[in-house]
There are 4 protein chains.
Amino acid sequence: MSSSFGENIRFSVFGQSHSEGIGVTIDGLPAGESVDMRRVAAFMHRRAPGNRRGDTARKESDAVRVLSGILDGKTCGAPLCGVIENTDARSGDYAPMRRVPRPGHADYPLQVQCCGAQDWRGGGHSSGRLTAPLCFAGAVCLQILERRGVHIGAHLQSVGDRSERGFTPVLLAEEELHAPGLRAFPVLEEAAGERFQAAILEVKEAGDSLGGVIECAAVGLPPGLGSPMFGGLENRLAAALFGIPGCRGVEFGAGFAAAGMRGSENNDAYCCTAGEIRTETNRHGGVLGGISTGMPLLLRVAMKPTPSIAMPQRSVDPVNMEETELRIPGRHDACIAPRAVPVVEAITACVLLDCMMEGKNGWL
Amino acid sequence: MSSSFGENIRFSVFGQSHSEGIGVTIDGLPAGESVDMRRVAAFMHRRAPGNRRGDTARKESDAVRVLSGILDGKTCGAPLCGVIENTDARSGDYAPMRRVPRPGHADYPLQVQCCGAQDWRGGGHSSGRLTAPLCFAGAVCLQILERRGVHIGAHLQSVGDRSERGFTPVLLAEEELHAPGLRAFPVLEEAAGERFQAAILEVKEAGDSLGGVIECAAVGLPPGLGSPMFGGLENRLAAALFGIPGCRGVEFGAGFAAAGMRGSENNDAYCCTAGEIRTETNRHGGVLGGISTGMPLLLRVAMKPTPSIAMPQRSVDPVNMEETELRIPGRHDACIAPRAVPVVEAITACVLLDCMMEGKNGWL
Amino acid sequence: MSSSFGENIRFSVFGQSHSEGIGVTIDGLPAGESVDMRRVAAFMHRRAPGNRRGDTARKESDAVRVLSGILDGKTCGAPLCGVIENTDARSGDYAPMRRVPRPGHADYPLQVQCCGAQDWRGGGHSSGRLTAPLCFAGAVCLQILERRGVHIGAHLQSVGDRSERGFTPVLLAEEELHAPGLRAFPVLEEAAGERFQAAILEVKEAGDSLGGVIECAAVGLPPGLGSPMFGGLENRLAAALFGIPGCRGVEFGAGFAAAGMRGSENNDAYCCTAGEIRTETNRHGGVLGGISTGMPLLLRVAMKPTPSIAMPQRSVDPVNMEETELRIPGRHDACIAPRAVPVVEAITACVLLDCMMEGKNGWL
Amino acid sequence: MSSSFGENIRFSVFGQSHSEGIGVTIDGLPAGESVDMRRVAAFMHRRAPGNRRGDTARKESDAVRVLSGILDGKTCGAPLCGVIENTDARSGDYAPMRRVPRPGHADYPLQVQCCGAQDWRGGGHSSGRLTAPLCFAGAVCLQILERRGVHIGAHLQSVGDRSERGFTPVLLAEEELHAPGLRAFPVLEEAAGERFQAAILEVKEAGDSLGGVIECAAVGLPPGLGSPMFGGLENRLAAALFGIPGCRGVEFGAGFAAAGMRGSENNDAYCCTAGEIRTETNRHGGVLGGISTGMPLLLRVAMKPTPSIAMPQRSVDPVNMEETELRIPGRHDACIAPRAVPVVEAITACVLLDCMMEGKNGWL
């Protein structure tokens, strides 16, 4: 099954870029949790196109219609299904690419897998559009987590070769965590946002695109959450985060940098602070061997540059097996990473709530 | 469930560093596949300690006793269970650390999760020792994959701040793929191996340890393998690879470097070669949107430095909530990355065979 | 997760009796399969209320809107989501029962489980209304199975103490299989239908209800489908069939009667017929040890009498812990078994297609 | 995957009738639970052959070696693996049946599924011998459940056409529940045991075999355990119980008899007893719509007659496609149902503990 994740709560996504609707079913949410739909809409707005220069021109209201699972503003134990209509799809834009695969997209392998029956319009089920229902699911989970003192935030730490500082690793305040989400452009330092946006507009004018790195953090997690080996926080978060179209890498704590360190540098010493066991530094990113330590959870996601670019590209017409030049019209983000920031938060929220619902953990 | 992975074939690992035995059950293997146990032993020998300078002094023969699942040298459709006895465990070494958690290990969060009932001897179930049965499982899968023309190899691409070149991304020959596995120290270029080993011995003498990056490749995969969204090759490989103790990051193709590129750099143009659709470059690492393209699969795993170091470290005695200094005796690898190279190959083999068993794919 | 089943194809149901909508998402269907929506509607009509005397008076068109997963009349590999609006819900009827649990319904245990947050209107998520999307899913699967030569049919074998003959166990023709589905009342022999309906109307007038037994058969299954132990056809069919509200028992072949037989009576001798290995009799119901034999699959489902009856019943008001008399108004089937006949067919189709998608089986 | 079950705790069985060993891995048990191995052995002894007249002559000590998961007599959170050696296998007995399938066994469909590579000795992985590790798993779970006040018992309610009364449905005392397990022959009334054993010996002398029905009950379950639709107690219990070789039917509460009742007969009125909500009768068998009500859980399992009988039977040699007469030597139970009684208890215990580990339930 390609389109669901979660062990105790199951998140199942459906829809294609140009199908009638897209949505998500969430099975296993605790009952009796109130859901503030205005806050849900505010969260989803952060992902919606058109809020930043360089965004795609496709306009979708992304209004969610809840078909089931909520009664009088609270979860009722039944699966919660939210549906979003697709209203501004322009399938005609994609007709020339029905056969010729776009470089960097999943068109070609999907075509092979589905023997040509795949939905070729706008990336079909592999489209970034499917992150809208994921944001809905995440927005619901974030509210449930916040009531348990767990807060999640993310920021765009780099765009192309420009970067900003990361979250404060040890004493991460909620204000810092939520600051990027309050900005139109999700960064910690406003100046970085200006530099990032300038870079994006520059490549857009050149008919090109840029990638970026997103850092996400969660505070308030109890120690002991997760499992050793394959059921760990890293395993489950990575499995879900690689579901974001364009994600090419996931790392925790010091991540790839840890591979260049000595043990004496990378190990975090334990200390007692205010009657609690904590670590003095946080190179481990709040998770050791799959299980949370109670320190801030820190992870990073590498987003590749948008594969749809205005510049002509070389591809192949598989019917005639002829090399050809492809020009992609349509409306595209010059950098998908800014809009992916709330998606990373959302998926992190979904996975963490799923882990907290585990029977051996008594937190919910 | 913490200790199993796989959707069509289920790999379930059991055991602790110092329990009577460790092992793996593989449920769902195709029937009638011959298993050459000498080749299995040869593969497992690559992971076994004592083959490289800097390895732990613990001696384990790692002989696998197959309890079930094989009849007359062939899989018989029943779950294959392989058991390895633990013979050289020295639990006494760990007595001082029964209470005081070792920095960089999972001791503390496990202690919280299990309310003190966890097996504290040598890391228990979270020990690197559990990668021995994973290598057994991988060795079996590799033989089945090879009969379908799929070959997998890995090498240690960096140790600390020293690195060597990666696999040839586009035309990756089987010889290059298998070369590192034929060496005692798993690198592509012998000279790099010398430099890496020198670095490891240096930190070992300093009572410290080093991390490293492992690159793994698979050739011969058909295009169309995997799934969009959460059932993709990246999702399933990452979920399993983060089960290796010490893994801090996983990336595919250009990985985190892709985040610094432009779309025109990162996109791989399609071309026709010998009647097949291929890409001219391979920044995508053989997988787009979760599905294989038929190009070599390329992934990298970041391994942190061994957390067990001889140098004294600061920790906390949780009973008295007192800060204390910890000295870890025991026998440890100064760098676990070389021994993790066959583990990355093994897990990659298990996941890829699992994906190939999927019903919608007609390869097996 | 309560609301999904299937290993290779995942069927996820959502909705409540009186929520805005109900539906199902089917993830993992093979791509390129044409779906005739008129035949789907005809199948669903068999379950719809109002076709038989004794049916509930609630009128629902049960028109399915396909939001995703179908392109140009064919499955496209993406999850297929079908939504049905709830239009004739009369929640007011249930207001008196908001607190007082109805005997024989899941009201009381759900109330405990959800701490009072459950959807109390018309049974909520536990309502028989949820079998409408299951019939949609089954109708899609039936078309895919039929193209592989697998045909499924079911009939109402008994109502209360009245019964009719079962399907011909050995040489079961497609006509016999499909005959009950062509009748308004789903029986093999028209005379039995008259007797059954008379019994139902009789209890309805008495303000009471009746149960019944449904027999289902599938022909054209290849031998070798399924798995030993817990992944067998029986295990997977039973797990799904017990999801039908009111199902109290499931048996295969001779079922409970086999417990009263001798081995020499119950064993089916093998014979050669037209170059194929078959059994002379079919007490095993086409499945031995979890795996199909190629003989007709035969199973029976016991449906209890509709718990909603017009007669007054004794219950308890949990707030005051006071015993009270309950009168259920609303609109109810005097016997749910006739409408459950296509549901049994549908679930059987879903499970069998799921089994056929298994990688080790080469049928799809 | 054929050989595991459980969602929160995973029970994975391995082994064949004549492989070197058989066993089970239990992943997800709560940590810190003491396991009394003498009580485990006593429970397993109830299933062991040779305790009753009519049992197979195969002698197996069924001593379990725990390889992992227990430290100092308590579960440690790691997967618990128990292994049993096969010591008295006589594979030679089965040589004549290597090709010719035994009627009533899974030989033929397994042969088709595995293309002849299946383990043909003594039923291989489909053998009743695999219920020994299930009893080990159940014995562990029973101890954990008992500490939470949940008690489980079962008895042989019928053999062939002879039967005894069922468990007292409403006020089921622990003594009654455990009484059958204390007898060599597991019945409620000693006189019934005599009649049952006489019937078994009679068919044994005739070279034939008999089936039987097992009733199982659990008391002390909290209300609210389970889930609606497909995650209910019935669904999960049935899925696991059909894994017992020879199981042909599973029913809950009044079961198939409910199909012959009126609603007014089958509905159980609610009442207040000692400040608790209970039902006056217990036709629902303690579970409504998948969720426990707090009343005794009642289920019945139909076991077919042992398919291995001494009488000659007709079968087919699939190589020559020739009909042939088969005589089964070997050592067989004339009725497997008595030895299956503790197996039903064991599986029920495993499933109920699995359900109690669910996050939304706060019982563990």
# chains A, B, ... in the order shown; residues from 1 in each chain; ligands from 1
call {"tool": "select_by_dssp", "arguments": {"residues": "range 33-191 of chain D", "states": "alpha helix (DSSP H)", "output": "number ranges by chain"}}
result
D: 37-47, 107-113, 131-147, 174-182, 190-191
call {"tool": "write_last_selection", "arguments": {"atoms": "N, CA and C atoms", "output": "short mmCIF file (atom, residue, chain, number, x, y, z; two decimals), in the first residue's frame"}}
result
data_model
loop_
_atom_site.label_atom_id
_atom_site.label_comp_id
_atom_site.auth_asym_id
_atom_site.auth_seq_id
_atom_site.Cartn_x
_atom_site.Cartn_y
_atom_site.Cartn_z
N MET D 37 8.13 -20.11 34.77
CA MET D 37 8.33 -21.13 33.75
C MET D 37 7.73 -22.48 34.16
N ARG D 38 7.58 -22.72 35.47
CA ARG D 38 6.94 -23.98 35.86
C ARG D 38 5.47 -23.98 35.48
N ARG D 39 4.83 -22.83 35.67
CA ARG D 39 3.43 -22.75 35.25
C ARG D 39 3.31 -22.81 33.73
N VAL D 40 4.26 -22.25 33.03
CA VAL D 40 4.27 -22.35 31.58
C VAL D 40 4.33 -23.82 31.17
N ALA D 41 5.25 -24.57 31.80
CA ALA D 41 5.41 -25.99 31.45
C ALA D 41 4.14 -26.77 31.77
N ALA D 42 3.51 -26.44 32.90
CA ALA D 42 2.29 -27.15 33.27
C ALA D 42 1.20 -26.90 32.23
N PHE D 43 1.11 -25.66 31.76
CA PHE D 43 0.10 -25.35 30.76
C PHE D 43 0.39 -26.12 29.47
N MET D 44 1.65 -26.12 29.08
CA MET D 44 2.01 -26.79 27.82
C MET D 44 1.80 -28.30 27.91
N HIS D 45 1.93 -28.84 29.11
CA HIS D 45 1.73 -30.27 29.30
C HIS D 45 0.30 -30.68 28.91
N ARG D 46 -0.65 -29.76 29.08
CA ARG D 46 -2.04 -30.08 28.73
C ARG D 46 -2.21 -30.37 27.25
N ARG D 47 -1.37 -29.75 26.43
CA ARG D 47 -1.44 -29.98 24.98
C ARG D 47 -0.60 -31.18 24.54
N ASP D 107 -1.79 -30.89 2.07
CA ASP D 107 -0.71 -31.34 1.18
C ASP D 107 -0.85 -30.85 -0.25
N TYR D 108 -2.03 -31.09 -0.83
CA TYR D 108 -2.19 -30.78 -2.25
C TYR D 108 -2.09 -29.28 -2.53
N PRO D 109 -2.89 -28.43 -1.84
CA PRO D 109 -2.76 -27.01 -2.16
C PRO D 109 -1.37 -26.44 -1.84
N LEU D 110 -0.71 -26.97 -0.81
CA LEU D 110 0.65 -26.50 -0.50
C LEU D 110 1.62 -26.89 -1.61
N GLN D 111 1.44 -28.09 -2.13
CA GLN D 111 2.28 -28.58 -3.21
C GLN D 111 2.15 -27.67 -4.43
N VAL D 112 0.91 -27.27 -4.73
CA VAL D 112 0.69 -26.37 -5.86
C VAL D 112 1.34 -25.02 -5.57
N GLN D 113 1.12 -24.52 -4.36
CA GLN D 113 1.62 -23.19 -4.03
C GLN D 113 3.14 -23.13 -4.07
N THR D 131 1.24 -25.92 17.14
CA THR D 131 0.45 -25.35 18.23
C THR D 131 1.21 -25.39 19.55
N ALA D 132 2.32 -26.14 19.60
CA ALA D 132 3.12 -26.17 20.85
C ALA D 132 3.69 -24.77 21.16
N PRO D 133 4.38 -24.13 20.21
CA PRO D 133 4.83 -22.77 20.53
C PRO D 133 3.68 -21.79 20.79
N LEU D 134 2.53 -22.01 20.15
CA LEU D 134 1.39 -21.14 20.45
C LEU D 134 0.98 -21.28 21.91
N CYS D 135 1.03 -22.51 22.41
CA CYS D 135 0.70 -22.72 23.83
C CYS D 135 1.72 -22.03 24.73
N PHE D 136 2.99 -22.05 24.31
CA PHE D 136 3.99 -21.33 25.09
C PHE D 136 3.63 -19.84 25.14
N ALA D 137 3.34 -19.27 23.99
CA ALA D 137 2.99 -17.83 23.94
C ALA D 137 1.77 -17.56 24.80
N GLY D 138 0.76 -18.43 24.68
CA GLY D 138 -0.46 -18.23 25.45
C GLY D 138 -0.21 -18.33 26.95
N ALA D 139 0.65 -19.26 27.34
CA ALA D 139 0.93 -19.45 28.77
C ALA D 139 1.56 -18.18 29.36
N VAL D 140 2.44 -17.54 28.58
CA VAL D 140 3.04 -16.28 29.04
C VAL D 140 1.97 -15.20 29.16
N CYS D 141 1.13 -15.10 28.14
CA CYS D 141 0.10 -14.05 28.15
C CYS D 141 -0.91 -14.27 29.26
N LEU D 142 -1.25 -15.54 29.50
CA LEU D 142 -2.22 -15.84 30.57
C LEU D 142 -1.74 -15.30 31.91
N GLN D 143 -0.44 -15.43 32.18
CA GLN D 143 0.09 -14.95 33.46
C GLN D 143 -0.03 -13.42 33.56
N ILE D 144 0.22 -12.77 32.44
CA ILE D 144 0.12 -11.29 32.44
C ILE D 144 -1.33 -10.87 32.61
N LEU D 145 -2.24 -11.59 31.94
CA LEU D 145 -3.66 -11.25 32.03
C LEU D 145 -4.19 -11.50 33.45
N GLU D 146 -3.77 -12.61 34.05
CA GLU D 146 -4.27 -12.94 35.38
C GLU D 146 -3.93 -11.86 36.40
N ARG D 147 -2.74 -11.25 36.21
CA ARG D 147 -2.38 -10.16 37.14
C ARG D 147 -3.29 -8.95 36.95
N GLU D 174 -14.52 -18.42 38.49
CA GLU D 174 -13.19 -18.86 38.08
C GLU D 174 -13.00 -20.36 38.24
N GLU D 175 -13.59 -20.93 39.29
CA GLU D 175 -13.42 -22.38 39.51
C GLU D 175 -13.96 -23.16 38.32
N GLU D 176 -15.17 -22.78 37.89
CA GLU D 176 -15.77 -23.48 36.75
C GLU D 176 -14.88 -23.32 35.52
N LEU D 177 -14.36 -22.12 35.36
CA LEU D 177 -13.53 -21.80 34.20
C LEU D 177 -12.28 -22.68 34.16
N HIS D 178 -11.68 -22.89 35.33
CA HIS D 178 -10.40 -23.60 35.35
C HIS D 178 -10.57 -25.12 35.52
N ALA D 179 -11.79 -25.56 35.87
CA ALA D 179 -11.99 -26.98 36.16
C ALA D 179 -11.55 -27.89 35.01
N PRO D 180 -11.94 -27.61 33.76
CA PRO D 180 -11.57 -28.56 32.70
C PRO D 180 -10.05 -28.68 32.54
N GLY D 181 -9.34 -27.60 32.79
CA GLY D 181 -7.88 -27.64 32.64
C GLY D 181 -7.18 -28.48 33.69
N LEU D 182 -7.90 -28.75 34.77
CA LEU D 182 -7.30 -29.55 35.84
C LEU D 182 -7.48 -31.04 35.60
N GLU D 190 -17.33 -34.77 34.61
CA GLU D 190 -16.50 -35.96 34.43
C GLU D 190 -17.22 -37.03 33.59
N ALA D 191 -18.52 -37.17 33.82
CA ALA D 191 -19.27 -38.20 33.10
C ALA D 191 -19.19 -37.98 31.59
#
call {"tool": "interface_residues", "arguments": {"of": "chain D", "to": "chain A", "cutoff": "6 Å", "atoms": "only C-alpha atoms", "output": "ChimeraX atom specification"}}
result
/D:357-359
call {"tool": "write_last_selection", "arguments": {"atoms": "N, CA and C atoms", "output": "PDB file, in the first residue's frame"}}
result
ATOM      1  N   MET D 357      -3.329  -4.073  24.976  1.00  0.00           N
ATOM      2  CA  MET D 357      -2.154  -3.218  24.801  1.00  0.00           C
ATOM      3  C   MET D 357      -2.457  -2.018  23.914  1.00  0.00           C
ATOM      4  N   GLU D 358      -3.640  -1.984  23.342  1.00  0.00           N
ATOM      5  CA  GLU D 358      -3.971  -0.902  22.423  1.00  0.00           C
ATOM      6  C   GLU D 358      -3.960   0.426  23.161  1.00  0.00           C
ATOM      7  N   GLY D 359      -3.399   1.426  22.486  1.00  0.00           N
ATOM      8  CA  GLY D 359      -3.190   2.711  23.144  1.00  0.00           C
ATOM      9  C   GLY D 359      -4.453   3.352  23.668  1.00  0.00           C
TER      10      GLY D 359
END
call {"tool": "closest_residue", "arguments": {"among": "B:Ala199, B:Ala302, B:Asp119, B:Gly32", "to": "Phe252 in chain A", "atoms": "only C-alpha atoms"}}
result
B:Ala302
call {"tool": "atom_distance", "arguments": {"atom1": "CA of Ile336 in chain D", "atom2": "CA of Gly211 in chain D"}}
result
7.3 Å
call {"tool": "atom_distance", "arguments": {"atom1": "CA of Ala346 in chain A", "atom2": "CA of Gly124 in chain A"}}
result
21.6 Å
call {"tool": "residues_around", "arguments": {"residues": "range 255-261 of chain B", "least_positions_apart": "5", "cutoff": "10 Å", "atoms": "only C-alpha atoms", "output": "number ranges by chain"}}
result
A: 158-163, 209-214, 246-251, 256, 300-305, 337; B: 250, 266-267, 283-285, 298-300
call {"tool": "write_last_selection", "arguments": {"atoms": "C-alpha atoms", "output": "mmCIF file, in the first residue's frame"}}
result
data_model
loop_
_atom_site.group_PDB
_atom_site.id
_atom_site.type_symbol
_atom_site.label_atom_id
_atom_site.label_comp_id
_atom_site.auth_asym_id
_atom_site.auth_seq_id
_atom_site.Cartn_x
_atom_site.Cartn_y
_atom_site.Cartn_z
ATOM 1 C CA SER A 158 18.747 26.812 3.519
ATOM 2 C CA VAL A 159 17.814 27.606 -0.067
ATOM 3 C CA GLY A 160 20.358 26.708 -2.711
ATOM 4 C CA ASP A 161 23.713 27.767 -1.269
ATOM 5 C CA ARG A 162 22.299 30.276 1.239
ATOM 6 C CA SER A 163 21.512 29.236 4.793
ATOM 7 C CA SER A 209 14.409 26.298 -9.710
ATOM 8 C CA LEU A 210 16.121 25.769 -6.335
ATOM 9 C CA GLY A 211 16.169 23.221 -3.528
ATOM 10 C CA GLY A 212 16.397 23.737 0.207
ATOM 11 C CA VAL A 213 16.779 22.153 3.616
ATOM 12 C CA ILE A 214 14.036 22.220 6.259
ATOM 13 C CA GLY A 246 11.023 15.929 -3.598
ATOM 14 C CA CYS A 247 12.466 14.729 -0.293
ATOM 15 C CA ARG A 248 15.948 13.285 -0.900
ATOM 16 C CA GLY A 249 17.396 12.948 2.581
ATOM 17 C CA VAL A 250 16.453 12.834 6.253
ATOM 18 C CA GLU A 251 18.795 13.190 9.218
ATOM 19 C CA PHE A 256 25.571 13.457 8.378
ATOM 20 C CA ARG A 300 16.365 17.911 8.830
ATOM 21 C CA VAL A 301 14.834 17.160 5.452
ATOM 22 C CA ALA A 302 16.565 17.797 2.101
ATOM 23 C CA MET A 303 14.188 19.024 -0.610
ATOM 24 C CA LYS A 304 15.413 18.877 -4.178
ATOM 25 C CA PRO A 305 14.811 21.762 -6.607
ATOM 26 C CA ALA A 337 10.856 24.037 0.053
ATOM 27 C CA VAL B 250 19.869 8.451 5.028
ATOM 28 C CA ASN B 266 19.684 18.130 -10.539
ATOM 29 C CA ASN B 267 17.270 16.880 -13.229
ATOM 30 C CA ARG B 283 21.540 12.508 -9.617
ATOM 31 C CA HIS B 284 18.199 10.883 -8.802
ATOM 32 C CA GLY B 285 19.956 7.737 -7.605
ATOM 33 C CA LEU B 298 22.344 4.914 -4.908
ATOM 34 C CA LEU B 299 21.972 5.680 -1.220
ATOM 35 C CA ARG B 300 24.165 6.891 1.618
#
call {"tool": "select_by_dssp", "arguments": {"residues": "range 268-346 of chain A", "states": "strand (DSSP E)", "output": "PyMOL selection string"}}
result
chain A and resi 270-273+276-279+287-288+291-292+297-303+313-317+322-326
call {"tool": "atom_distance", "arguments": {"atom1": "CA of Cys216 in chain D", "atom2": "CA of Leu188 in chain D"}}
result
11.7 Å
call {"tool": "residues_around", "arguments": {"residues": "Glu345 in chain B", "least_positions_apart": "6", "cutoff": "7 Å", "atoms": "only C-alpha atoms", "output": "PyMOL selection string"}}
result
chain B and resi 152-154+216
call {"tool": "write_last_selection", "arguments": {"atoms": "C-alpha atoms", "output": "tab-separated table (two decimals), in the first residue's frame"}}
result
chain	number	residue	atom	x	y	z
B	152	ILE	CA	24.14	-4.97	-4.44
B	153	GLY	CA	27.37	-3.56	-3.09
B	154	ALA	CA	28.51	-0.95	-0.59
B	216	CYS	CA	25.36	1.49	-1.18
call {"tool": "residues_around", "arguments": {"residues": "Val319 in chain D", "least_positions_apart": "2", "cutoff": "10 Å", "atoms": "only C-alpha atoms", "output": "list in words"}}
result
Arg99, Val100, Val316, Asp317, Met321 and Glu322 of chain D
call {"tool": "residues_around", "arguments": {"residues": "Arg339 in chain B", "least_positions_apart": "5", "cutoff": "9 Å", "atoms": "only C-alpha atoms", "output": "JSON, numbers by chain"}}
result
{"B": [46, 47, 48, 49, 52, 55, 185, 186, 333]}
call {"tool": "closest_residue", "arguments": {"among": "D:Ser19, D:Cys350, D:Pro312, D:Ile26", "to": "Ala206 in chain D", "atoms": "only C-alpha atoms"}}
result
D:Pro312
call {"tool": "closest_residue", "arguments": {"among": "C:Asn320, C:Tyr94, C:Leu156, C:Cys76", "to": "Trp120 in chain A", "atoms": "only C-alpha atoms"}}
result
C:Cys76
call {"tool": "residues_around", "arguments": {"residues": "Ala310 in chain D", "least_positions_apart": "6", "cutoff": "10 Å", "atoms": "only C-alpha atoms", "output": "count of residues only"}}
result
16
